[in-house]
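Coordinates as given in query28.pdb (PDB, C-alpha atoms):
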ATOM      1  CA  MET A   1      49.906  34.019   9.243
ATOM      2  CA  THR A   2      47.509  31.257   8.200
ATOM      3  CA  GLU A   3      43.956  31.849   6.981
ATOM      4  CA  GLY A   4      42.719  29.707   9.843
ATOM      5  CA  GLU A   5      44.302  32.033  12.399
ATOM      6  CA  LEU A   6      42.884  35.081  10.649
ATOM      7  CA  GLN A   7      39.363  33.613  10.584
ATOM      8  CA  ALA A   8      39.679  32.650  14.255
ATOM      9  CA  TRP A   9      40.538  36.274  14.979
ATOM     10  CA  VAL A  10      37.371  37.348  13.131
ATOM     11  CA  ASP A  11      35.282  34.902  15.187
ATOM     12  CA  GLY A  12      36.893  35.817  18.504
ATOM     13  CA  GLN A  13      38.192  32.290  19.018
ATOM     14  CA  LEU A  14      41.809  33.156  19.893
ATOM     15  CA  GLY A  15      43.349  33.361  23.328
ATOM     16  CA  PRO A  16      44.847  36.663  24.528
ATOM     17  CA  GLU A  17      48.396  35.878  23.380
ATOM     18  CA  SER A  18      47.379  34.621  19.934
ATOM     19  CA  HIS A  19      44.926  37.500  19.518
ATOM     20  CA  ALA A  20      47.676  40.025  20.254
ATOM     21  CA  ARG A  21      50.050  38.325  17.797
ATOM     22  CA  VAL A  22      47.464  38.393  14.982
ATOM     23  CA  ALA A  23      46.506  41.982  15.768
ATOM     24  CA  ALA A  24      50.161  43.019  15.574
ATOM     25  CA  TRP A  25      50.516  41.273  12.210
ATOM     26  CA  LEU A  26      47.366  42.949  10.870
ATOM     27  CA  ALA A  27      48.710  46.345  11.887
ATOM     28  CA  GLY A  28      51.404  45.851   9.252
ATOM     29  CA  HIS A  29      48.984  44.491   6.639
ATOM     30  CA  PRO A  30      46.182  47.063   6.255
ATOM     31  CA  ASP A  31      44.723  45.329   3.189
ATOM     32  CA  GLN A  32      44.180  42.128   5.182
ATOM     33  CA  LEU A  33      42.813  44.100   8.123
ATOM     34  CA  GLN A  34      40.268  45.768   5.835
ATOM     35  CA  ARG A  35      39.205  42.373   4.463
ATOM     36  CA  LEU A  36      38.766  40.858   7.926
ATOM     37  CA  GLU A  37      36.914  43.874   9.256
ATOM     38  CA  ALA A  38      34.447  43.440   6.389
ATOM     39  CA  TYR A  39      33.980  39.796   7.456
ATOM     40  CA  ARG A  40      33.455  40.892  11.040
ATOM     41  CA  ALA A  41      30.864  43.499  10.019
ATOM     42  CA  GLN A  42      29.027  40.901   7.917
ATOM     43  CA  ARG A  43      29.044  38.457  10.835
ATOM     44  CA  GLN A  44      27.573  41.062  13.167
ATOM     45  CA  ALA A  45      24.902  42.003  10.622
ATOM     46  CA  LEU A  46      23.856  38.367  10.190
ATOM     47  CA  ARG A  47      23.600  37.919  13.953
ATOM     48  CA  ALA A  48      21.502  41.044  14.304
ATOM     49  CA  MET A  49      19.173  39.811  11.552
ATOM     50  CA  PHE A  50      18.753  36.161  12.535
ATOM     51  CA  ASP A  51      19.446  35.801  16.256
ATOM     52  CA  PRO A  52      15.847  36.766  17.130
ATOM     53  CA  VAL A  53      14.631  33.752  15.135
ATOM     54  CA  LEU A  54      16.311  31.443  17.666
ATOM     55  CA  GLY A  55      13.731  32.448  20.242
ATOM     56  CA  GLU A  56      10.721  31.737  18.030
ATOM     57  CA  ALA A  57       8.619  28.596  18.437
ATOM     58  CA  VAL A  58       9.001  25.996  15.696
ATOM     59  CA  PRO A  59       5.813  26.023  13.550
ATOM     60  CA  ARG A  60       3.664  22.925  13.964
ATOM     61  CA  ARG A  61       3.729  22.163  10.259
ATOM     62  CA  LEU A  62       7.530  21.887  10.452
ATOM     63  CA  GLN A  63       7.325  19.713  13.548
ATOM     64  CA  ARG A  64       4.992  17.358  11.706
ATOM     65  CA  ALA A  65       7.226  17.331   8.644
ATOM     66  CA  ALA A  66      10.250  16.438  10.789
ATOM     67  CA  GLY A  67       8.550  13.352  12.199
ATOM     68  CA  PRO A  68       9.322   9.834  10.889
ATOM     69  CA  PRO A  69       7.600   9.221   7.538
ATOM     70  CA  ARG A  70       5.046   6.454   7.151
ATOM     71  CA  PRO A  71       6.412   3.424   5.256
ATOM     72  CA  ALA A  72       4.080   3.924   2.310
ATOM     73  CA  ALA A  73       4.984   7.610   2.106
ATOM     74  CA  TRP A  74       8.689   6.756   2.235
ATOM     75  CA  ARG A  75       8.394   4.287  -0.653
ATOM     76  CA  MET A  76       6.508   6.857  -2.703
ATOM     77  CA  ALA A  77       9.138   9.507  -1.910
ATOM     78  CA  ALA A  78      11.896   7.113  -2.967
ATOM     79  CA  ALA A  79      10.167   6.455  -6.291
ATOM     80  CA  VAL A  80       9.734  10.181  -6.892
ATOM     81  CA  LEU A  81      13.405  10.857  -6.104
ATOM     82  CA  ILE A  82      14.558   8.209  -8.563
ATOM     83  CA  ALA A  83      12.164   9.414 -11.249
ATOM     84  CA  LEU A  84      13.326  12.998 -10.807
ATOM     85  CA  ALA A  85      16.945  11.902 -10.990
ATOM     86  CA  GLY A  86      16.155  10.264 -14.312
ATOM     87  CA  GLY A  87      15.320  13.672 -15.745
ATOM     88  CA  ALA A  88      18.363  15.396 -14.352
ATOM     89  CA  SER A  89      20.131  15.731 -17.696
ATOM     90  CA  GLY A  90      22.635  18.454 -18.406
ATOM     91  CA  TRP A  91      24.879  17.684 -15.413
ATOM     92  CA  ALA A  92      28.551  17.918 -16.366
ATOM     93  CA  LEU A  93      29.852  14.536 -15.190
ATOM     94  CA  ARG A  94      33.610  14.398 -15.415
ATOM     95  CA  GLY A  95      34.327  10.683 -15.742
ATOM     96  CA  GLN A  96      37.613   9.434 -14.338
ATOM     97  CA  GLY A  97      38.783   6.171 -15.850
ATOM     98  CA  GLY A  98      39.381   3.187 -13.609
ATOM     99  CA  PRO A  99      42.321   0.749 -13.911
ATOM    100  CA  GLY A 100      43.036  -0.091 -17.534
ATOM    101  CA  THR A 101      40.302   2.143 -18.918
ATOM    102  CA  GLN A 102      40.121   4.980 -21.406
ATOM    103  CA  ALA A 103      41.181   8.516 -20.596
ATOM    104  CA  PRO A 104      38.785  10.739 -18.612
ATOM    105  CA  GLN A 105      36.105  12.390 -20.705
ATOM    106  CA  LEU A 106      32.739  14.070 -20.453
ATOM    107  CA  VAL A 107      29.769  11.721 -20.506
ATOM    108  CA  ALA A 108      26.289  12.998 -21.250
ATOM    109  CA  GLY A 109      22.865  11.877 -22.357
ATOM    110  CA  LYS A 110      21.433   8.593 -21.121
ATOM    111  CA  ASP A 111      24.862   7.310 -20.029
ATOM    112  CA  ALA A 112      24.933  10.074 -17.415
ATOM    113  CA  ASP A 113      21.243   9.715 -16.532
ATOM    114  CA  PHE A 114      21.403   6.073 -15.507
ATOM    115  CA  ALA A 115      24.480   6.707 -13.325
ATOM    116  CA  THR A 116      22.570   9.467 -11.552
ATOM    117  CA  ARG A 117      19.571   7.207 -10.970
ATOM    118  CA  ALA A 118      21.850   4.425  -9.699
ATOM    119  CA  ALA A 119      23.488   6.700  -7.130
ATOM    120  CA  VAL A 120      20.116   7.978  -5.897
ATOM    121  CA  ALA A 121      18.713   4.452  -5.615
ATOM    122  CA  HIS A 122      21.799   3.362  -3.663
ATOM    123  CA  ALA A 123      21.442   6.268  -1.248
ATOM    124  CA  VAL A 124      17.715   5.587  -0.772
ATOM    125  CA  TYR A 125      17.752   1.836  -0.130
ATOM    126  CA  THR A 126      21.096   0.858   1.425
ATOM    127  CA  PRO A 127      20.366   2.529   4.801
ATOM    128  CA  GLU A 128      17.262   0.351   5.197
ATOM    129  CA  GLN A 129      17.618  -2.437   7.758
ATOM    130  CA  ARG A 130      14.214  -4.132   7.515
ATOM    131  CA  ARG A 131      13.442  -4.054   3.780
ATOM    132  CA  PRO A 132      16.509  -3.055   1.760
ATOM    133  CA  VAL A 133      15.479  -5.528  -0.969
ATOM    134  CA  GLU A 134      12.193  -6.818  -2.336
ATOM    135  CA  VAL A 135      13.388 -10.420  -2.795
ATOM    136  CA  ASP A 136      16.273 -11.721  -0.683
ATOM    137  CA  ALA A 137      19.173 -13.941  -1.734
ATOM    138  CA  ALA A 138      17.529 -17.026  -0.219
ATOM    139  CA  HIS A 139      15.172 -16.863  -3.214
ATOM    140  CA  GLU A 140      17.780 -15.940  -5.818
ATOM    141  CA  GLU A 141      16.275 -18.127  -8.530
ATOM    142  CA  GLN A 142      12.871 -16.441  -8.203
ATOM    143  CA  LEU A 143      14.531 -13.024  -8.029
ATOM    144  CA  VAL A 144      16.463 -13.569 -11.254
ATOM    145  CA  ALA A 145      13.418 -14.990 -13.063
ATOM    146  CA  TRP A 146      11.223 -12.084 -11.953
ATOM    147  CA  LEU A 147      13.692  -9.328 -12.900
ATOM    148  CA  SER A 148      14.572 -11.034 -16.197
ATOM    149  CA  LYS A 149      10.908 -11.209 -17.120
ATOM    150  CA  ARG A 150      10.248  -7.573 -16.246
ATOM    151  CA  LEU A 151      13.289  -6.307 -18.168
ATOM    152  CA  GLY A 152      12.610  -8.689 -21.048
ATOM    153  CA  THR A 153      16.151 -10.097 -21.063
ATOM    154  CA  PRO A 154      18.098 -12.730 -19.109
ATOM    155  CA  LEU A 155      19.876 -11.337 -16.051
ATOM    156  CA  LYS A 156      22.448 -12.908 -13.781
ATOM    157  CA  PRO A 157      23.676 -11.303 -10.556
ATOM    158  CA  PRO A 158      27.482 -11.553 -10.297
ATOM    159  CA  HIS A 159      29.017 -13.769  -7.614
ATOM    160  CA  LEU A 160      31.469 -11.687  -5.599
ATOM    161  CA  GLN A 161      32.303 -13.954  -2.658
ATOM    162  CA  ALA A 162      35.963 -14.074  -3.700
ATOM    163  CA  LEU A 163      36.111 -10.308  -3.141
ATOM    164  CA  GLY A 164      34.334 -10.483   0.222
ATOM    165  CA  TRP A 165      30.764  -9.695  -0.878
ATOM    166  CA  GLU A 166      27.606 -11.784  -0.887
ATOM    167  CA  LEU A 167      24.274 -11.159  -2.564
ATOM    168  CA  GLU A 168      21.641  -9.746  -0.224
ATOM    169  CA  GLY A 169      18.839  -9.599  -2.776
ATOM    170  CA  GLY A 170      17.370  -7.247  -5.311
ATOM    171  CA  ARG A 171      14.461  -5.111  -6.372
ATOM    172  CA  LEU A 172      12.730  -3.625  -9.390
ATOM    173  CA  LEU A 173      13.074   0.145  -9.895
ATOM    174  CA  PRO A 174      11.624   2.699 -12.293
ATOM    175  CA  GLY A 175      14.085   3.808 -14.948
ATOM    176  CA  GLY A 176      13.953   6.533 -17.534
ATOM    177  CA  SER A 177      11.373   4.787 -19.710
ATOM    178  CA  GLY A 178      10.790   1.400 -18.113
ATOM    179  CA  PRO A 179      11.878  -0.985 -15.360
ATOM    180  CA  VAL A 180      15.486  -1.474 -14.249
ATOM    181  CA  ALA A 181      17.048  -3.894 -11.771
ATOM    182  CA  GLN A 182      19.063  -3.300  -8.602
ATOM    183  CA  PHE A 183      21.095  -6.077  -6.966
ATOM    184  CA  MET A 184      22.350  -5.391  -3.439
ATOM    185  CA  TYR A 185      25.417  -6.963  -1.818
ATOM    186  CA  ARG A 186      26.654  -6.897   1.758
ATOM    187  CA  ARG A 187      30.100  -7.493   3.191
ATOM    188  CA  ILE A 188      30.449 -11.158   4.125
ATOM    189  CA  GLY A 189      30.106 -11.574   7.875
ATOM    190  CA  THR A 190      28.022  -8.438   8.499
ATOM    191  CA  GLY A 191      24.711 -10.250   9.001
ATOM    192  CA  GLY A 192      21.530 -10.540   7.006
ATOM    193  CA  THR A 193      18.551  -8.368   6.234
ATOM    194  CA  GLY A 194      16.940  -7.059   9.396
ATOM    195  CA  GLY A 195      20.129  -7.554  11.418
ATOM    196  CA  SER A 196      21.744  -5.133  13.817
ATOM    197  CA  ASN A 197      24.700  -4.209  11.610
ATOM    198  CA  ALA A 198      23.531  -0.704  10.800
ATOM    199  CA  GLY A 199      26.130   1.153   8.782
ATOM    200  CA  ALA A 200      27.786  -2.022   7.445
ATOM    201  CA  PRO A 201      29.143  -1.584   3.901
ATOM    202  CA  ARG A 202      26.805  -2.376   1.023
ATOM    203  CA  LEU A 203      27.215  -2.421  -2.733
ATOM    204  CA  THR A 204      24.466  -2.009  -5.301
ATOM    205  CA  LEU A 205      24.593  -3.002  -8.947
ATOM    206  CA  TYR A 206      22.124  -1.124 -11.140
ATOM    207  CA  VAL A 207      21.327  -2.744 -14.502
ATOM    208  CA  THR A 208      19.367  -1.085 -17.296
ATOM    209  CA  ASN A 209      18.722  -2.068 -20.914
ATOM    210  CA  GLU A 210      17.153   1.257 -21.867
ATOM    211  CA  LEU A 211      20.206   2.567 -23.709
ATOM    212  CA  PRO A 212      20.090   2.875 -27.490
ATOM    213  CA  PRO A 213      22.442   0.461 -29.373
ATOM    214  CA  GLY A 214      25.137   3.028 -30.335
ATOM    215  CA  GLY A 215      25.563   4.795 -27.038
ATOM    216  CA  ALA A 216      24.254   8.103 -25.806
ATOM    217  CA  ALA A 217      22.210  10.244 -28.140
ATOM    218  CA  GLY A 218      24.384  11.691 -30.866
ATOM    219  CA  SER A 219      27.366   9.512 -29.910
ATOM    220  CA  SER A 220      29.222   7.247 -32.315
ATOM    221  CA  GLU A 221      31.087   5.480 -29.505
ATOM    222  CA  ALA A 222      31.056   1.697 -29.850
ATOM    223  CA  HIS A 223      30.112  -0.248 -26.765
ATOM    224  CA  THR A 224      32.026  -3.431 -27.563
ATOM    225  CA  ASP A 225      35.006  -2.323 -25.414
ATOM    226  CA  PRO A 226      33.440  -0.129 -22.721
ATOM    227  CA  ALA A 227      35.383   2.246 -20.517
ATOM    228  CA  PHE A 228      34.783   2.435 -16.809
ATOM    229  CA  ARG A 229      33.924   5.899 -15.617
ATOM    230  CA  PHE A 230      33.826   7.115 -12.049
ATOM    231  CA  ARG A 231      31.744   9.786 -10.379
ATOM    232  CA  GLN A 232      31.200  10.910  -6.807
ATOM    233  CA  GLN A 233      27.843  12.337  -5.792
ATOM    234  CA  SER A 234      26.901  13.245  -2.216
ATOM    235  CA  GLY A 235      29.328  10.707  -0.794
ATOM    236  CA  VAL A 236      28.278   7.869  -3.131
ATOM    237  CA  GLY A 237      31.000   6.626  -5.459
ATOM    238  CA  THR A 238      29.848   4.966  -8.697
ATOM    239  CA  PHE A 239      31.750   3.129 -11.403
ATOM    240  CA  TYR A 240      29.582   2.826 -14.498
ATOM    241  CA  TRP A 241      29.960   1.519 -18.001
ATOM    242  CA  VAL A 242      27.926   0.686 -21.082
ATOM    243  CA  ASP A 243      28.096  -2.650 -22.877
ATOM    244  CA  GLY A 244      25.875  -2.931 -25.937
ATOM    245  CA  ALA A 245      22.348  -1.876 -24.962
ATOM    246  CA  PHE A 246      23.072  -2.453 -21.267
ATOM    247  CA  GLY A 247      24.183   0.092 -18.718
ATOM    248  CA  TYR A 248      25.794  -1.024 -15.445
ATOM    249  CA  ALA A 249      26.458   1.137 -12.387
ATOM    250  CA  LEU A 250      28.194  -0.162  -9.259
ATOM    251  CA  SER A 251      27.755   2.142  -6.254
ATOM    252  CA  ALA A 252      29.094   2.266  -2.683
ATOM    253  CA  ASP A 253      29.562   4.928  -0.032
ATOM    254  CA  LEU A 254      32.018   3.317   2.423
ATOM    255  CA  LEU A 255      34.697   1.970   0.080
ATOM    256  CA  ARG A 256      37.970   3.214  -1.285
ATOM    257  CA  ARG A 257      37.876   3.895  -4.998
ATOM    258  CA  GLY A 258      40.462   1.192  -5.722
ATOM    259  CA  GLU A 259      38.407  -1.517  -4.012
ATOM    260  CA  LEU A 260      35.259  -0.448  -5.827
ATOM    261  CA  ALA A 261      37.180  -0.509  -9.130
ATOM    262  CA  ALA A 262      38.283  -4.101  -8.495
ATOM    263  CA  VAL A 263      34.679  -5.158  -7.882
ATOM    264  CA  ALA A 264      33.545  -3.313 -11.026
ATOM    265  CA  GLU A 265      36.077  -5.203 -13.132
ATOM    266  CA  ALA A 266      34.935  -8.507 -11.633
ATOM    267  CA  VAL A 267      31.315  -7.644 -12.428
ATOM    268  CA  TYR A 268      32.219  -6.725 -15.993
ATOM    269  CA  HIS A 269      34.087  -9.972 -16.631
ATOM    270  CA  GLN A 270      31.241 -12.063 -15.233
ATOM    271  CA  GLN A 271      28.752 -10.353 -17.526
ATOM    272  CA  ASN A 272      30.806 -11.168 -20.620
TER     273      ASN A 272
END

Give the structure from the file, written as structure tokens.
Amino acid sequence: MTEGELQAWVDGQLGPESHARVAAWLAGHPDQLQRLEAYRAQRQALRAMFDPVLGEAVPRRLQRAAGPPRPAAWRMAAAVLIALAGGASGWALRGQGGPGTQAPQLVAGKDADFATRAAVAHAVYTPEQRRPVEVDAAHEEQLVAWLSKRLGTPLKPPHLQALGWELEGGRLLPGGSGPVAQFMYRRIGTGGTGGSNAGAPRLTLYVTNELPPGGAAGSSEAHTDPAFRFRQQSGVGTFYWVDGAFGYALSADLLRRGELAAVAEAVYHQQN
């Protein structure tokens, strides 16, 4: 007897024949019957407690909160989310090495922080259709000059057309202690900013130079031969690595891990 059938019996979702078959099986398994009866009693208690709420009017303050946010409020909320993510240290991030990388290991400190911020920034901005970037790819030269000046170091967005991706643009983001850069890419052939291709795949490359020259705090790991590490957070997959004082995080939410790994390797080679 499968657990699915037993839970369907608890919920009253079985037809007469299946219900009789499960009931007959439970008659010979009193320990399972006792467990399922406890589930059934809990289910009934929850219904008795919360069903009356279904008839209550939704408070106006909740109705207002559920409405579409104003653009300015949304940008402020995005900045707050990213800033909060920057302080989310102490998460146990189990890195999983990509092709040709080091063995899986725990990553902590600032290495983990910037990967968290990258995933949050990806989730915040990639759904946008009107303004996913601050400066679009048509003005790539100005974009690169602006971000390089703000980060105080020369930047160069990778060219990924050979892998089916084209630069959409970029933006400046708040990091842990200063500005960081985000470059956004779209699948070639899915249209430009403001188009109707909602839900089309996008990649974001997050670049920070806030990391200390020897790695995360307390780490003696050299960054001359960085390992790719992978993490999944709320549906967003991120390959990230550290190279010298730079941290890179490549994020996507509609790609297979192998495809994202291939793009990450291409990005790494173009930055070196």

Can you pull out every residue within 7 Å of Leu147 in chain A, counting only C-alpha atoms, but drop anything in the same chain fewer than 3 positions away, and send it as number ranges by chain? A: 143-144, 150-151, 172, 181

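Excluding Gly235 in chain A and any residue on its chain fewer than 4 positions from it, the residues at most 12 Å away by only C-alpha atoms are Ala119, Val120, His122, Ala123, Arg231, Ser251, Ala252, Asp253, Leu254, Leu255, Arg256 and Arg257 of chain A.
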
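For the atom pair formed by CA of Arg64 in chain A and CA of Met49 in chain A, the distance is 26.6 Å, given to one decimal.
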
Pairwise distance for CA of Lys149 in chain A and CA of Tyr185 in chain A, rounded to one decimal in Å: 21.5 Å

Expected selection from the PyMOL selection byres ((chain A and resi 204) around 10), given as a compact mmCIF listing (two decimals) with C-alpha atoms, in the frame of the given file:
# COMPACT_ATOMS: atom_id res chain seq x y z
CA ALA A 118 21.85 4.42 -9.70
CA ALA A 119 23.49 6.70 -7.13
CA ALA A 121 18.71 4.45 -5.62
CA HIS A 122 21.80 3.36 -3.66
CA ALA A 123 21.44 6.27 -1.25
CA TYR A 125 17.75 1.84 -0.13
CA THR A 126 21.10 0.86 1.42
CA LEU A 167 24.27 -11.16 -2.56
CA GLU A 168 21.64 -9.75 -0.22
CA GLY A 169 18.84 -9.60 -2.78
CA GLY A 170 17.37 -7.25 -5.31
CA GLN A 182 19.06 -3.30 -8.60
CA PHE A 183 21.10 -6.08 -6.97
CA MET A 184 22.35 -5.39 -3.44
CA TYR A 185 25.42 -6.96 -1.82
CA ARG A 186 26.65 -6.90 1.76
CA ARG A 202 26.80 -2.38 1.02
CA LEU A 203 27.22 -2.42 -2.73
CA LEU A 205 24.59 -3.00 -8.95
CA TYR A 206 22.12 -1.12 -11.14
CA VAL A 207 21.33 -2.74 -14.50
CA THR A 238 29.85 4.97 -8.70
CA ALA A 249 26.46 1.14 -12.39
CA LEU A 250 28.19 -0.16 -9.26
CA SER A 251 27.76 2.14 -6.25
CA ALA A 252 29.09 2.27 -2.68

Quick one: everything within 12 Å of His269 in chain A, counting all atoms listed in the file, minus sequence neighbours fewer than 3 positions away in the same chain. Send it as a list in words. Pro158, His159, Leu160, Asp225, Pro226, Asp243, Ala262, Val263, Ala264, Glu265, Ala266 and Asn272 of chain A
